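Participant: My structure is stored as run-v8.cif, with mmCIF, C-alpha atoms and all ligand atoms.
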```cif
data_run
#
loop_
_atom_site.group_PDB
_atom_site.id
_atom_site.type_symbol
_atom_site.label_atom_id
_atom_site.label_comp_id
_atom_site.auth_asym_id
_atom_site.auth_seq_id
_atom_site.Cartn_x
_atom_site.Cartn_y
_atom_site.Cartn_z
ATOM 1 C CA MET A 1 0.000 0.000 0.000
ATOM 2 C CA TYR A 2 1.119 3.554 -0.707
ATOM 3 C CA ASN A 3 2.801 4.799 2.440
ATOM 4 C CA GLN A 4 1.577 8.137 3.775
ATOM 5 C CA ILE A 5 4.678 8.700 5.903
ATOM 6 C CA PHE A 6 7.959 8.600 3.999
ATOM 7 C CA GLY A 7 11.617 9.312 4.583
ATOM 8 C CA PRO A 8 13.329 11.134 6.056
ATOM 9 C CA VAL A 9 14.095 12.268 2.545
ATOM 10 C CA PRO A 10 16.415 15.032 1.398
ATOM 11 C CA SER A 11 14.669 18.239 0.663
ATOM 12 C CA ARG A 12 16.371 21.012 -1.231
ATOM 13 C CA ARG A 13 14.800 23.449 1.203
ATOM 14 C CA LEU A 14 14.327 21.696 4.550
ATOM 15 C CA GLY A 15 17.260 19.359 5.084
ATOM 16 C CA LEU A 16 16.175 15.925 6.264
ATOM 17 C CA SER A 17 12.458 15.910 6.118
ATOM 18 C CA LEU A 18 9.966 13.300 7.263
ATOM 19 C CA GLY A 19 7.209 13.500 4.686
ATOM 20 C CA VAL A 20 3.499 13.229 5.358
ATOM 21 C CA ASP A 21 1.422 12.643 2.242
ATOM 22 C CA LEU A 22 -2.274 13.055 3.025
ATOM 23 C CA VAL A 23 -3.749 12.700 -0.443
ATOM 24 C CA PRO A 24 -3.751 9.863 -2.999
ATOM 25 C CA PHE A 25 -1.164 10.050 -5.768
ATOM 26 C CA LYS A 26 -1.691 13.098 -7.987
ATOM 27 C CA THR A 27 -4.795 14.461 -6.321
ATOM 28 C CA CYS A 28 -4.311 18.179 -6.756
ATOM 29 C CA SER A 29 -6.078 21.449 -7.499
ATOM 30 C CA LEU A 30 -3.466 22.223 -10.164
ATOM 31 C CA ASN A 31 -1.859 20.325 -13.008
ATOM 32 C CA CYS A 32 1.407 22.260 -13.335
ATOM 33 C CA ILE A 33 3.359 21.765 -16.532
ATOM 34 C CA TYR A 34 6.531 21.288 -14.504
ATOM 35 C CA CYS A 35 5.165 18.870 -11.883
ATOM 36 C CA GLU A 36 7.806 16.291 -10.978
ATOM 37 C CA CYS A 37 5.126 13.749 -10.096
ATOM 38 C CA GLY A 38 3.532 13.686 -13.550
ATOM 39 C CA ALA A 39 0.074 14.721 -14.712
ATOM 40 C CA THR A 40 -2.689 15.290 -12.148
ATOM 41 C CA THR A 41 -5.160 12.418 -12.346
ATOM 42 C CA ASP A 42 -7.697 13.871 -9.894
ATOM 43 C CA LEU A 43 -7.980 17.614 -10.527
ATOM 44 C CA THR A 44 -10.188 18.773 -7.676
ATOM 45 C CA ILE A 45 -10.835 21.403 -5.022
ATOM 46 C CA GLU A 46 -13.059 19.124 -2.946
ATOM 47 C CA ARG A 47 -11.589 18.545 0.508
ATOM 48 C CA LYS A 48 -11.913 15.050 1.975
ATOM 49 C CA CYS A 49 -10.530 12.651 4.589
ATOM 50 C CA PHE A 50 -8.540 10.416 2.251
ATOM 51 C CA PHE A 51 -6.910 8.061 4.787
ATOM 52 C CA PRO A 52 -7.910 7.048 8.317
ATOM 53 C CA TYR A 53 -6.617 9.602 10.843
ATOM 54 C CA GLU A 54 -5.577 6.871 13.319
ATOM 55 C CA GLN A 55 -3.503 5.120 10.670
ATOM 56 C CA ILE A 56 -1.544 8.316 9.924
ATOM 57 C CA ILE A 57 -0.967 9.030 13.622
ATOM 58 C CA ASN A 58 0.232 5.451 14.259
ATOM 59 C CA CYS A 59 2.649 5.615 11.297
ATOM 60 C CA LEU A 60 3.930 8.985 12.527
ATOM 61 C CA LYS A 61 4.451 7.721 16.091
ATOM 62 C CA ASN A 62 6.305 4.703 14.776
ATOM 63 C CA LYS A 63 8.555 6.655 12.404
ATOM 64 C CA ILE A 64 9.365 9.426 14.916
ATOM 65 C CA SER A 65 10.348 6.877 17.568
ATOM 66 C CA LYS A 66 12.665 5.015 15.171
ATOM 67 C CA THR A 67 14.436 7.933 13.502
ATOM 68 C CA ASP A 68 17.090 9.943 15.287
ATOM 69 C CA LYS A 69 17.530 12.854 12.883
ATOM 70 C CA ILE A 70 14.576 14.737 11.438
ATOM 71 C CA ASP A 71 14.888 18.466 10.639
ATOM 72 C CA PHE A 72 11.227 18.925 9.726
ATOM 73 C CA ILE A 73 7.982 17.017 9.478
ATOM 74 C CA THR A 74 6.735 18.180 6.131
ATOM 75 C CA PHE A 75 3.283 17.908 4.611
ATOM 76 C CA SER A 76 4.041 17.357 0.964
ATOM 77 C CA GLY A 77 4.080 14.449 -1.444
ATOM 78 C CA SER A 78 2.473 13.946 -4.783
ATOM 79 C CA GLY A 79 -0.608 16.151 -4.497
ATOM 80 C CA GLU A 80 -2.015 19.144 -2.596
ATOM 81 C CA PRO A 81 -1.975 18.476 1.178
ATOM 82 C CA THR A 82 -4.616 21.075 2.095
ATOM 83 C CA LEU A 83 -7.181 18.988 0.194
ATOM 84 C CA SER A 84 -7.103 16.746 3.263
ATOM 85 C CA LEU A 85 -9.701 17.642 5.871
ATOM 86 C CA ASP A 86 -7.397 16.090 8.511
ATOM 87 C CA ILE A 87 -4.383 18.325 7.984
ATOM 88 C CA GLY A 88 -5.184 20.726 10.850
ATOM 89 C CA LYS A 89 -5.830 17.905 13.302
ATOM 90 C CA ILE A 90 -2.597 16.136 12.362
ATOM 91 C CA ILE A 91 -0.495 19.316 12.620
ATOM 92 C CA ASN A 92 -1.970 19.895 16.078
ATOM 93 C CA TRP A 93 -1.171 16.303 17.104
ATOM 94 C CA ILE A 94 2.478 16.726 16.008
ATOM 95 C CA LYS A 95 2.800 20.034 17.860
ATOM 96 C CA SER A 96 1.435 18.451 21.058
ATOM 97 C CA ASN A 97 3.510 15.265 20.818
ATOM 98 C CA SER A 98 6.928 16.267 19.478
ATOM 99 C CA LYS A 99 9.365 19.142 19.241
ATOM 100 C CA ILE A 100 10.039 18.664 15.544
ATOM 101 C CA PRO A 101 9.115 21.733 13.491
ATOM 102 C CA VAL A 102 6.263 21.338 11.026
ATOM 103 C CA ALA A 103 6.337 22.622 7.460
ATOM 104 C CA VAL A 104 3.556 22.620 4.889
ATOM 105 C CA LEU A 105 4.325 22.714 1.180
ATOM 106 C CA THR A 106 1.178 23.923 -0.500
ATOM 107 C CA ASN A 107 0.216 25.351 -3.848
ATOM 108 C CA GLY A 108 -1.752 27.954 -1.850
ATOM 109 C CA THR A 109 -4.858 27.627 -3.997
ATOM 110 C CA LEU A 110 -7.208 26.805 -1.104
ATOM 111 C CA LEU A 111 -6.030 29.532 1.265
ATOM 112 C CA TYR A 112 -9.004 31.641 0.190
ATOM 113 C CA LEU A 113 -11.036 29.312 2.466
ATOM 114 C CA PRO A 114 -11.009 30.472 6.131
ATOM 115 C CA GLU A 115 -11.043 26.850 7.342
ATOM 116 C CA VAL A 116 -7.878 26.014 5.366
ATOM 117 C CA ARG A 117 -6.093 29.097 6.733
ATOM 118 C CA ASN A 118 -7.195 28.041 10.208
ATOM 119 C CA ASP A 119 -5.888 24.480 9.695
ATOM 120 C CA LEU A 120 -2.359 25.762 9.032
ATOM 121 C CA LEU A 121 -2.108 28.216 11.939
ATOM 122 C CA ASN A 122 -0.001 25.888 14.140
ATOM 123 C CA ALA A 123 2.572 25.014 11.474
ATOM 124 C CA ASP A 124 6.034 26.548 11.929
ATOM 125 C CA LEU A 125 6.608 27.161 8.259
ATOM 126 C CA VAL A 126 4.202 27.381 5.348
ATOM 127 C CA MET A 127 5.631 27.319 1.846
ATOM 128 C CA PRO A 128 3.006 28.330 -0.686
ATOM 129 C CA SER A 129 3.769 28.722 -4.349
ATOM 130 C CA LEU A 130 2.671 31.448 -6.709
ATOM 131 C CA ASP A 131 3.993 31.225 -10.266
ATOM 132 C CA ALA A 132 1.699 33.705 -11.972
ATOM 133 C CA VAL A 133 -0.642 36.566 -11.115
ATOM 134 C CA SER A 134 -2.436 36.970 -14.457
ATOM 135 C CA ASN A 135 -5.245 34.581 -15.329
ATOM 136 C CA ASN A 136 -3.889 33.581 -18.740
ATOM 137 C CA ILE A 137 -0.396 32.817 -17.456
ATOM 138 C CA PHE A 138 -1.809 31.034 -14.387
ATOM 139 C CA SER A 139 -3.827 28.833 -16.776
ATOM 140 C CA GLN A 140 -0.808 28.167 -18.937
ATOM 141 C CA ILE A 141 1.671 27.205 -16.249
ATOM 142 C CA ASN A 142 -0.533 25.780 -13.467
ATOM 143 C CA ARG A 143 -3.563 24.484 -15.454
ATOM 144 C CA PRO A 144 -5.935 24.916 -12.455
ATOM 145 C CA GLU A 145 -9.205 23.235 -11.547
ATOM 146 C CA LYS A 146 -11.891 25.189 -13.431
ATOM 147 C CA ASN A 147 -13.348 27.045 -10.424
ATOM 148 C CA LEU A 148 -10.057 28.502 -9.225
ATOM 149 C CA GLN A 149 -9.390 32.179 -9.840
ATOM 150 C CA ILE A 150 -5.994 33.713 -9.365
ATOM 151 C CA ASN A 151 -7.372 36.900 -7.731
ATOM 152 C CA LYS A 152 -9.106 34.880 -5.039
ATOM 153 C CA ILE A 153 -5.929 32.870 -4.435
ATOM 154 C CA ILE A 154 -3.871 36.052 -4.062
ATOM 155 C CA ASP A 155 -6.457 37.465 -1.596
ATOM 156 C CA GLY A 156 -6.219 34.213 0.366
ATOM 157 C CA LEU A 157 -2.426 34.486 0.574
ATOM 158 C CA ILE A 158 -2.648 38.092 1.785
ATOM 159 C CA LYS A 159 -5.277 37.189 4.414
ATOM 160 C CA PHE A 160 -3.211 34.208 5.551
ATOM 161 C CA ARG A 161 -0.185 36.484 6.106
ATOM 162 C CA ASP A 162 -2.330 38.683 8.361
ATOM 163 C CA GLU A 163 -3.674 35.791 10.425
ATOM 164 C CA TYR A 164 -0.641 33.472 10.631
ATOM 165 C CA LYS A 165 2.261 34.122 13.013
ATOM 166 C CA GLY A 166 4.737 31.560 11.633
ATOM 167 C CA LYS A 167 7.111 31.877 8.710
ATOM 168 C CA ILE A 168 6.021 32.012 5.091
ATOM 169 C CA TYR A 169 8.448 31.142 2.304
ATOM 170 C CA LEU A 170 6.840 31.949 -1.025
ATOM 171 C CA GLU A 171 8.112 29.861 -3.896
ATOM 172 C CA ILE A 172 7.991 31.181 -7.451
ATOM 173 C CA LEU A 173 8.973 28.756 -10.169
ATOM 174 C CA PHE A 174 9.933 30.185 -13.532
ATOM 175 C CA VAL A 175 9.550 28.537 -16.907
ATOM 176 C CA LYS A 176 11.226 30.338 -19.769
ATOM 177 C CA GLY A 177 8.820 32.038 -22.160
ATOM 178 C CA ILE A 178 5.806 31.620 -19.872
ATOM 179 C CA ASN A 179 6.017 33.538 -16.608
ATOM 180 C CA ASP A 180 9.314 35.388 -17.043
ATOM 181 C CA ASP A 181 8.164 38.183 -19.354
ATOM 182 C CA PRO A 182 8.831 41.693 -17.987
ATOM 183 C CA ASP A 183 5.136 42.608 -17.560
ATOM 184 C CA GLU A 184 4.210 39.509 -15.595
ATOM 185 C CA LEU A 185 7.401 39.777 -13.599
ATOM 186 C CA LYS A 186 6.578 43.341 -12.558
ATOM 187 C CA LYS A 187 3.125 42.214 -11.403
ATOM 188 C CA ILE A 188 4.541 39.191 -9.543
ATOM 189 C CA VAL A 189 6.984 41.448 -7.699
ATOM 190 C CA ALA A 190 4.165 43.854 -6.688
ATOM 191 C CA ILE A 191 1.902 41.035 -5.436
ATOM 192 C CA ALA A 192 4.734 39.265 -3.603
ATOM 193 C CA GLU A 193 5.426 42.489 -1.705
ATOM 194 C CA LYS A 194 1.765 42.636 -0.672
ATOM 195 C CA ILE A 195 1.868 39.032 0.582
ATOM 196 C CA LYS A 196 4.922 39.941 2.698
ATOM 197 C CA PRO A 197 6.547 36.494 2.971
ATOM 198 C CA ASN A 198 9.587 36.099 5.216
ATOM 199 C CA LEU A 199 11.472 34.814 2.219
ATOM 200 C CA ILE A 200 10.929 34.407 -1.497
ATOM 201 C CA GLN A 201 12.446 31.304 -3.044
ATOM 202 C CA LEU A 202 13.084 31.416 -6.760
ATOM 203 C CA ASN A 203 13.153 28.155 -8.611
ATOM 204 C CA THR A 204 13.218 26.740 -12.084
ATOM 205 C CA CYS A 205 12.689 23.145 -13.247
ATOM 206 C CA VAL A 206 15.775 21.210 -12.238
ATOM 207 C CA ARG A 207 14.137 17.805 -12.586
ATOM 208 C CA PRO A 208 12.001 16.220 -15.283
ATOM 209 C CA GLY A 209 8.446 17.571 -15.247
ATOM 210 C CA THR A 210 5.077 16.624 -16.744
ATOM 211 C CA GLU A 211 5.802 18.341 -20.058
ATOM 212 C CA SER A 212 9.097 17.603 -21.754
ATOM 213 C CA ASP A 213 9.396 20.784 -23.839
ATOM 214 C CA ILE A 214 9.743 23.315 -21.039
ATOM 215 C CA THR A 215 12.876 25.416 -20.744
ATOM 216 C CA ILE A 216 14.629 26.404 -17.561
ATOM 217 C CA LEU A 217 16.113 29.774 -16.637
ATOM 218 C CA SER A 218 19.847 30.168 -16.116
ATOM 219 C CA LYS A 219 21.291 31.048 -12.717
ATOM 220 C CA GLN A 220 22.109 34.517 -14.083
ATOM 221 C CA GLU A 221 18.500 35.033 -15.187
ATOM 222 C CA LEU A 222 17.231 33.992 -11.745
ATOM 223 C CA GLU A 223 19.736 36.367 -10.148
ATOM 224 C CA ASN A 224 18.449 39.226 -12.304
ATOM 225 C CA ILE A 225 14.894 38.434 -11.196
ATOM 226 C CA ALA A 226 16.006 38.181 -7.547
ATOM 227 C CA SER A 227 17.377 41.731 -7.680
ATOM 228 C CA LYS A 228 13.883 43.113 -8.404
ATOM 229 C CA PHE A 229 12.387 42.139 -5.014
ATOM 230 C CA SER A 230 12.749 44.197 -1.854
ATOM 231 C CA VAL A 231 11.877 41.257 0.450
ATOM 232 C CA PRO A 232 14.648 38.670 1.102
ATOM 233 C CA VAL A 233 15.130 36.323 -1.841
ATOM 234 C CA GLU A 234 16.954 33.041 -2.184
ATOM 235 C CA ILE A 235 17.627 31.025 -5.304
ATOM 236 C CA ILE A 236 17.010 27.409 -4.444
ATOM 237 C CA SER A 237 20.106 25.344 -5.047
ATOM 238 C CA THR A 238 20.494 21.578 -5.097
ATOM 239 C CA PHE A 239 20.547 19.682 -1.863
ATOM 240 C CA ASN A 240 23.996 19.127 -0.429
ATOM 241 C CA LYS A 241 23.514 17.999 3.149
ATOM 242 C CA LYS A 242 25.255 14.710 3.881
ATOM 243 C CA SER A 243 23.655 11.962 5.864
ATOM 244 C CA SER A 244 24.409 8.359 6.324
ATOM 245 C CA ASN A 245 22.603 5.177 7.229
ATOM 246 C CA LEU A 246 19.217 6.802 6.925
ATOM 247 C CA PHE A 247 18.424 5.258 3.600
ATOM 248 C CA ALA A 248 17.452 1.689 3.133
ATOM 249 C CA ASN A 249 16.156 0.275 -0.146
ATOM 250 C CA ASP A 250 12.627 1.138 0.927
ATOM 251 C CA ASP A 251 13.555 4.779 1.421
ATOM 252 C CA ILE A 252 15.134 4.972 -2.013
ATOM 253 C CA ILE A 253 11.918 3.505 -3.397
ATOM 254 C CA SER A 254 9.925 5.995 -1.375
ATOM 255 C CA LEU A 255 12.019 8.902 -2.658
ATOM 256 C CA ILE A 256 12.135 8.039 -6.347
ATOM 257 C CA SER A 257 8.481 7.129 -6.390
ATOM 258 C CA ARG A 258 7.702 10.751 -5.529
ATOM 259 C CA ARG A 259 10.177 12.634 -7.648
ATOM 260 C CA PRO A 260 12.966 11.864 -10.095
ATOM 261 C CA CYS A 261 16.401 11.753 -8.493
ATOM 262 C CA SER A 262 19.911 11.619 -9.926
ATOM 263 C CA LEU A 263 22.534 9.057 -8.925
ATOM 264 C CA ASP A 264 24.723 11.815 -7.472
ATOM 265 C CA GLU A 265 21.905 12.947 -5.220
ATOM 266 C CA LEU A 266 21.162 9.435 -3.980
ATOM 267 C CA SER A 267 24.868 8.807 -3.538
ATOM 268 C CA SER A 268 25.415 11.940 -1.477
ATOM 269 C CA LEU A 269 22.467 11.095 0.743
ATOM 270 C CA THR A 270 23.431 7.552 1.489
ATOM 271 C CA SER A 271 27.194 8.128 1.521
ATOM 272 C CA GLN A 272 27.415 5.160 -0.778
ATOM 273 C CA PRO A 273 29.310 5.066 -4.040
ATOM 274 C CA VAL A 274 27.334 5.599 -7.223
ATOM 275 C CA VAL A 275 28.010 2.020 -8.252
ATOM 276 C CA GLU A 276 26.313 0.729 -5.086
ATOM 277 C CA ILE A 277 23.296 2.922 -5.734
ATOM 278 C CA LEU A 278 23.119 1.580 -9.267
ATOM 279 C CA LYS A 279 23.142 -1.965 -7.909
ATOM 280 C CA LYS A 280 20.292 -1.050 -5.539
ATOM 281 C CA ILE A 281 18.281 0.471 -8.355
ATOM 282 C CA GLU A 282 18.822 -2.633 -10.467
ATOM 283 C CA ASN A 283 17.756 -4.731 -7.532
ATOM 284 C CA ILE A 284 14.608 -2.637 -7.026
ATOM 285 C CA GLN A 285 13.887 -2.958 -10.748
ATOM 286 C CA SER A 286 14.356 -6.713 -10.839
ATOM 287 C CA ASN A 287 11.943 -7.123 -7.963
ATOM 288 C CA ASP A 288 8.667 -5.283 -8.002
ATOM 289 C CA TYR A 289 9.144 -1.983 -9.758
ATOM 290 C CA LYS A 290 9.596 -0.563 -13.214
ATOM 291 C CA ILE A 291 12.148 2.260 -13.242
ATOM 292 C CA LYS A 292 11.941 5.216 -15.624
ATOM 293 C CA ILE A 293 15.076 7.123 -16.636
ATOM 294 C CA ASP A 294 14.914 10.712 -17.917
ATOM 295 C CA ILE A 295 17.992 12.444 -19.261
ATOM 296 C CA ILE A 296 18.100 16.168 -18.550
ATOM 297 C CA ASN A 297 21.215 18.221 -19.275
ATOM 298 C CA ASN A 298 23.173 14.981 -19.805
ATOM 299 C CA LYS A 299 22.200 13.762 -16.343
ATOM 300 C CA LYS A 300 20.099 10.678 -15.647
ATOM 301 C CA PHE A 301 17.125 11.002 -13.296
ATOM 302 C CA TYR A 302 15.508 7.869 -11.911
ATOM 303 C CA SER A 303 11.895 7.512 -10.932
ATOM 304 C CA ILE A 304 9.505 4.663 -10.360
ATOM 305 C CA LEU A 305 7.086 4.273 -13.209
ATOM 306 C CA ASN A 306 4.814 1.685 -11.632
ATOM 307 C CA VAL A 307 4.650 -1.489 -9.642
ATOM 308 C CA LYS A 308 5.110 -4.484 -11.960
HETATM 309 S S1 LIG B 401 3.675 20.896 -8.720
HETATM 310 FE FE1 LIG B 401 2.480 20.714 -6.855
HETATM 311 S S2 LIG B 401 0.734 22.006 -7.249
HETATM 312 FE FE2 LIG B 401 1.615 21.618 -9.217
HETATM 313 S S3 LIG B 401 0.536 19.812 -9.988
HETATM 314 FE FE3 LIG B 401 2.361 19.078 -8.936
HETATM 315 S S4 LIG B 401 1.655 18.625 -6.878
HETATM 316 FE FE4 LIG B 401 0.103 19.937 -7.812
#
```
Hey, can you dump this file as structure tokens for me?
Facilitator:
Amino acid sequence: MYNQIFGPVPSRRLGLSLGVDLVPFKTCSLNCIYCECGATTDLTIERKCFFPYEQIINCLKNKISKTDKIDFITFSGSGEPTLSLDIGKIINWIKSNSKIPVAVLTNGTLLYLPEVRNDLLNADLVMPSLDAVSNNIFSQINRPEKNLQINKIIDGLIKFRDEYKGKIYLEILFVKGINDDPDELKKIVAIAEKIKPNLIQLNTCVRPGTESDITILSKQELENIASKFSVPVEIISTFNKKSSNLFANDDIISLISRRPCSLDELSSLTSQPVVEILKKIENIQSNDYKIKIDIINNKKFYSILNVK
């Protein structure tokens, strides 16, 4: 069965992060062209309880007690976590039962709902994304559920900033030729300043996404964009924190079933030579899984295509 608690896995932004995935694979309010998890199969804004609350809490208890190093418990995965009606209750359970900080990676589309804003109030860090502020560009890059409107989403983000006392890191992902034109950029900068995040994180597609013909921005182009903001900005770089002994075969499976990963990345995480990782991947492949390899900028990225 798909495991709702995974990792700890390396996160480019949060160090070693224990992941909590509250929605079934690719249940999301958006279908972003760059999504590392592939096309959205359930495009929805209907909130539900997808998995039994007790099952999630038991898995969390078990994982927390067995893992000595976790930098964050992070609500993320392969869909939109705020679609879960249980997210608030689970955040509150973690805050009452552990000292590990809680982060929520969200596409921010449901923050226009007071109950969703309320659910996230006890998180330590909320990381919403906002890639476009004009309806046509929002449609192009994020391909939203038909009832979503970008103005409402922006209002929700501004209201959330007023109500929430924790940190907000706003992620903006750029795709060349879509949301990097000077007009849109000017509007994004103005809206981001209204949202007042603690930090803006600029990103571009560094891993294979849903659509293969998208083009990334160079570091120089991201730096030029960064200079336009007056709030603190960071360009997200690749993960480089070393860890050892945290990754068993199952964790590698868990990681590459959520997003494509290069051999170097897996090697640096496990402190194992690339050749050993390759052996593990072959072993995983010969057992139950079909592995997909994408080549981006001459680098191979591995992901799990399906269970055989
Ligand atoms: S990138 Fe995030 S918000 Fe966009 S489709 Fe994928 S899971 Fe949904």
Participant: Choose the residue, out of A:Phe25, A:Tyr289, A:Phe174, A:Tyr302, that has the smallest atom-to-atom separation from A:Glu80; count only C-alpha atoms.
Facilitator: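 Smallest distance to A:Glu80 is found for A:Phe25.
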Participant: Can you pull out every residue with an atom within 8 Å of ligand LIG 401 (chain B)? Use only C-alpha atoms and all ligand atoms and format it as a VMD selection string.
Facilitator: chain A and resid 26 to 40 77 to 80 106 to 107 129 142
Participant: Which of these residues is nearest to A:Val23, using only C-alpha atoms: A:Ile64, A:Ile256, A:Cys261, A:Ile87?
Facilitator: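 Closest candidate: A:Ile87.
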Participant: Which residues come within 7 Å of A:Gln4, counting all atoms listed in the file, excluding same-chain residues fewer than 2 positions away, as an MDAnalysis selection string?
Facilitator: chainID A and resid 2 6 20:22 56
Participant: How many Å lie between atom CA of A:Lys63 and atom CA of A:Ser98, rounded to one decimal?
Facilitator: 12.0 Å
Participant: How many Å lie between atom CA of A:Asp213 and atom CA of A:Ile304, rounded to one decimal?
Facilitator: 21.0 Å
Participant: Please define a box with edges along x, y and z of the file around all atoms of stretch 68-78 of chain A given in the file, extend it by 6 Å on each side, and return its centre and edge lengths in Å to one decimal, as JSON.
Facilitator:
```
{"center_x": 10.0, "center_y": 14.4, "center_z": 5.3, "size_x": 27.1, "size_y": 21.0, "size_z": 32.1}
```
Participant: Rounded to one decimal, what separation in Å do you get between atom CA of A:Asp86 and atom CA of A:Pro10?
Facilitator: 24.9 Å
Participant: Apply the PyMOL selection byres (((chain A and resi 178-186) around 9) and not hetatm) to the displayed file and report the matching residues as JSON, numbers by chain.
Facilitator: {"A": [131, 132, 133, 134, 137, 138, 140, 141, 173, 174, 175, 176, 177, 187, 188, 189, 190, 191, 217, 225, 228]}
Participant: Written as a VMD selection string, which residues does the PyMOL selection byres (((chain A and resi 19) around 12) and not hetatm) give for the file shown?
Facilitator: chain A and resid 3 to 11 14 to 18 20 to 22 56 59 to 60 63 to 64 70 to 78 81 102 to 105 251 254 to 255 258
Participant: Within 12 Å of (16.9, 17.5, -18.3), in the coordinates the file gives, what residues turn up when you count all atoms listed in the file, written out as a VMD selection string?
Facilitator: chain A and resid 34 36 204 to 216 260 to 262 293 to 302
Participant: Can you give me, as a VMD selection string, the residues this file yields under the PyMOL selection byres (((chain A and resi 147) around 12) and not hetatm)?
Facilitator: chain A and resid 29 to 30 43 to 46 109 to 110 139 143 to 146 148 to 153
